[in-house]
Amino acid sequence: MASVRRALVSVYDKTGIGPFARRLAAAGVEIVSSGGTADVLEGEGIAVIRVEDVTRAPEMLGGRVKTLHPAIHGAILARPDHDDDLRDLGSRGIEPFQLVVANLYPFRETVADPDATAEDIIEKIDIGGPAMIRAAAKNHAHVAVVTSPDQYHDVAAAVEAGTLDLEMRKTLAAEAFFSTASYDAAIVEWIGEDRVIALRASGALRYGENPQQQAALFVEDGAQPWWVAATQHQGKEMSFNNYADTEAAWRLANDLTGPAVVVVKHTNPAGAAMGSSVVEAFEKAWDGDPLAAFGGVVAINGPLDAATASLVSDRFVEVVIAGDAESEALRALAPKKALRVLTAPPPSSEGPDYRRIESGFLTQSRDSADIGDWDVVSSRVPDAAEMADLEFAWKVAAHVKSNAIVIATDGAAVGVGAGDQSRVGAAERAIVKAGARAVGAVAASDAFFPFRDGIDTLAKAGVRAVVEPGGSMRDDEVIEAANEHDIALVFTGRRHFRH
């Protein structure tokens, strides 16, 4: 391409703009700038031509109109290989731009500010910025558009070397259109009920749930989820299934009171436990179902210490995630080259939860496993130890696919019945896994028992206390069954279906 002779620079975020513009000026680029950007550049001793000197029209409406002018947009959109375009520029004395540098008002940040009024938010809906960016991106055959300080170094180097070629301009244009699309998506979400979800490509995955499925990873623009902020210390690249299982494990681990450890297989807890230390919690969680734990994901609410790392190294685990990791723990796991070891911040409970259906989405707020006001409906009242285990089992059950039954004792899940079409079936599966440990244990059901047979099944295994939502037409029958078996029965008033 022809060398960059003239650039339009108008940015809200001034980060790095001075050094960038200085490099442009040193490369012989004439800089046209507006408002606060021009003030900053002039303050750093960089020569600029003000936009109003080009348009011969001062800013108006309190700065709402600055760059919306034929002298600006004609200079951006002109095609130097079109004679009619050149004649139009010549007749109006307009010099074309080869570079546009612009970024947008902080709309998302203003919406997130609890002190911002509706008027404040509306004033952060940028008009001139998107217009310039889209014009330059449209004309990327002849104009480069820069929308982020992260691009400054590479673009300045290309200008200096005369290598700002079409491939680079096309890449910049794609990013520019994404930035305006994401910006508009945020406005749509704020102003109405419709949603436009801007997803930024984070990378391709080797395959999906199965080798024959293609897969990729995307992140909502502007979001900083735990997996983006995470540090992977070692191991193979995360796979589609790794991400799904680690998300499930990490959310449950952070719902438990630490030290706590969760082992997840196929997004369902194979084991979960609290302990006086992480190593104790790990041993209890793994013993919940050692067979299912094989090849699972381990999530730790607490630091990964050397003692726990030693136990992990003796087992086949796909992923370990914790809030922090001691250096000795990382050294202990280093020989397991395939094992993925991550440290990450807690997952956020903010924002909607989406479920894909054909050509659409189901959306809901995220479920919470918080303990609310519980009602003991049986003759026998659970003692303090049973109540603590009921609260633990209830939190675990909220993360188990429905129908779900969790049997727990001493702060550990010893039997998890997940994804059964029948609640009695889920209870029976949990009992099989718990074995003799069900005697004297407690159980949690993610939804109400529609018949007394679920209580009868748990009682036969030796379960002594049960927590469930209540609300069945046959609650009286279920309560009667609990009393017959001398089981303590607690109603929560809320369910935790998880499909």
# chains A, B, ... in the order shown; residues from 1 in each chain; ligands from 1

$ select_by_dssp --residues "range 67-254 of chain A" --states "helix (DSSP H, G or I)" --output "ChimeraX atom specification"
/A:70-77,83-92,107-112,118-123,128-138,149-161,166-191,226-229,240-254

$ residues_around --residues "Tyr243 in chain A" --least-positions-apart "4" --cutoff "10 Å" --atoms "only C-alpha atoms" --output "list in words"
Leu217, Trp227, Met238, Ser239, Glu247, Ala248, Ala249, Thr267, Val297 and Val319 of chain A

$ atom_distance --atom1 "CA of Arg251 in chain A" --atom2 "CA of Phe392 in chain A"
14.4 Å

$ closest_atom_pairs --of "range 319-384 of chain A" --to "range 304-308 of chain A" --cutoff "7 Å" --atoms "only C-alpha atoms" --output "Markdown table"
| residue | atom | partner | partner_atom | distance |
| --- | --- | --- | --- | --- |
| A:Ala322 | CA | A:Leu304 | CA | 6.1 |
| A:Asp324 | CA | A:Leu304 | CA | 6.2 |
| A:Ala325 | CA | A:Leu304 | CA | 4.5 |
| A:Glu326 | CA | A:Asp305 | CA | 5.5 |
| A:Glu328 | CA | A:Ala306 | CA | 5.5 |
| A:Ala329 | CA | A:Ala306 | CA | 4.0 |
| A:Ala332 | CA | A:Ala306 | CA | 6.9 |

$ write_last_selection --atoms "C-alpha atoms" --output "PDB file, in the first residue's frame"
ATOM      1  CA  ALA A 322      -7.494 -24.554  43.138  1.00  0.00           C
ATOM      2  CA  ASP A 324      -3.756 -21.115  44.848  1.00  0.00           C
ATOM      3  CA  ALA A 325      -0.941 -23.656  44.729  1.00  0.00           C
ATOM      4  CA  GLU A 326       2.166 -23.954  46.864  1.00  0.00           C
ATOM      5  CA  GLU A 328       6.181 -27.558  46.562  1.00  0.00           C
ATOM      6  CA  ALA A 329       2.824 -28.836  45.318  1.00  0.00           C
ATOM      7  CA  ALA A 332       5.364 -32.641  43.175  1.00  0.00           C
TER       8      ALA A 332
END

$ closest_residue --among "A:Gly258, A:Gly296, A:Gly425, A:Pro130" --to "Asn241 in chain A" --atoms "only C-alpha atoms"
A:Gly296

$ residues_around --residues "Val442 in chain A" --least-positions-apart "5" --cutoff "12 Å" --atoms "only C-alpha atoms" --output "number ranges by chain"
A: 382-383, 385-394, 405-416, 427, 430-431, 434, 437, 455, 458-459, 461-468, 487-490

$ closest_residue --among "A:Gly35, A:Ala176, A:Lys14, A:Gly93" --to "Glu59 in chain A" --atoms "only C-alpha atoms"
A:Gly35

$ residues_around --residues "range 17-23 of chain A" --least-positions-apart "5" --cutoff "12 Å" --atoms "only C-alpha atoms" --output "ChimeraX atom specification"
/A:6-12,28-33,36-48,99-103,146-161

$ closest_residue --among "A:Ala204, A:Ala404, A:Ala397, A:Ala309" --to "Asp367 in chain A" --atoms "only C-alpha atoms"
A:Ala397

$ select_by_dssp --residues "range 308-491 of chain A" --states "strand (DSSP E)" --output "JSON, numbers by chain"
{"A": [317, 318, 319, 320, 321, 322, 323, 324, 325, 340, 341, 342, 343, 352, 353, 354, 355, 356, 357, 360, 361, 362, 363, 364, 365, 375, 376, 405, 406, 407, 408, 409, 412, 413, 414, 415, 416, 417, 442, 443, 444, 445, 465, 466, 467, 468, 488, 489, 490, 491]}

$ closest_residue --among "A:Ser445, A:Gly74, A:Lys337, A:Ser34" --to "Leu89 in chain A" --atoms "only C-alpha atoms"
A:Gly74

$ atom_distance --atom1 "CA of Met274 in chain A" --atom2 "CA of Arg498 in chain A"
22.7 Å

$ atom_distance --atom1 "CA of Ile122 in chain A" --atom2 "CA of Gln364 in chain A"
26.9 Å

$ residues_around --residues "Pro469 in chain A" --least-positions-apart "2" --cutoff "6 Å" --atoms "only C-alpha atoms" --output "list in words"
Ala447, Phe448, Phe491, Thr492, Gly493, Arg494 and Arg495 of chain A

$ write_last_selection --atoms "N, CA and C atoms" --output "PDB file, in the first residue's frame"
ATOM      1  N   ALA A 447     -35.478 -32.423  44.466  1.00  0.00           N
ATOM      2  CA  ALA A 447     -36.888 -32.053  44.324  1.00  0.00           C
ATOM      3  C   ALA A 447     -37.705 -32.921  45.282  1.00  0.00           C
ATOM      4  N   PHE A 448     -38.984 -32.615  45.377  1.00  0.00           N
ATOM      5  CA  PHE A 448     -39.783 -33.330  46.377  1.00  0.00           C
ATOM      6  C   PHE A 448     -39.967 -34.807  46.023  1.00  0.00           C
ATOM      7  N   PHE A 491     -38.074 -29.737  55.226  1.00  0.00           N
ATOM      8  CA  PHE A 491     -38.499 -29.136  53.959  1.00  0.00           C
ATOM      9  C   PHE A 491     -37.767 -27.801  53.772  1.00  0.00           C
ATOM     10  N   THR A 492     -37.304 -27.563  52.549  1.00  0.00           N
ATOM     11  CA  THR A 492     -36.573 -26.325  52.250  1.00  0.00           C
ATOM     12  C   THR A 492     -37.425 -25.268  51.570  1.00  0.00           C
ATOM     13  N   GLY A 493     -38.503 -25.690  50.892  1.00  0.00           N
ATOM     14  CA  GLY A 493     -39.334 -24.735  50.170  1.00  0.00           C
ATOM     15  C   GLY A 493     -38.777 -24.339  48.821  1.00  0.00           C
ATOM     16  N   ARG A 494     -37.660 -24.923  48.416  1.00  0.00           N
ATOM     17  CA  ARG A 494     -37.113 -24.651  47.077  1.00  0.00           C
ATOM     18  C   ARG A 494     -36.459 -25.910  46.538  1.00  0.00           C
ATOM     19  N   ARG A 495     -36.468 -26.042  45.213  1.00  0.00           N
ATOM     20  CA  ARG A 495     -35.890 -27.218  44.574  1.00  0.00           C
ATOM     21  C   ARG A 495     -34.657 -26.828  43.783  1.00  0.00           C
TER      22      ARG A 495
END

$ residues_around --residues "Ala181 in chain A" --least-positions-apart "4" --cutoff "8 Å" --atoms "only C-alpha atoms" --output "PDB file with C-alpha atoms, in the first residue's frame"
ATOM      1  CA  PHE A 177     -16.397  -4.333  13.278  1.00  0.00           C
ATOM      2  CA  ALA A 185     -24.876  -5.426  21.910  1.00  0.00           C
ATOM      3  CA  ALA A 198     -20.943 -10.727  21.305  1.00  0.00           C
TER       4      ALA A 198
END

$ closest_residue --among "A:Pro106, A:Phe361, A:Gly128, A:His82" --to "Thr67 in chain A" --atoms "only C-alpha atoms"
A:Gly128
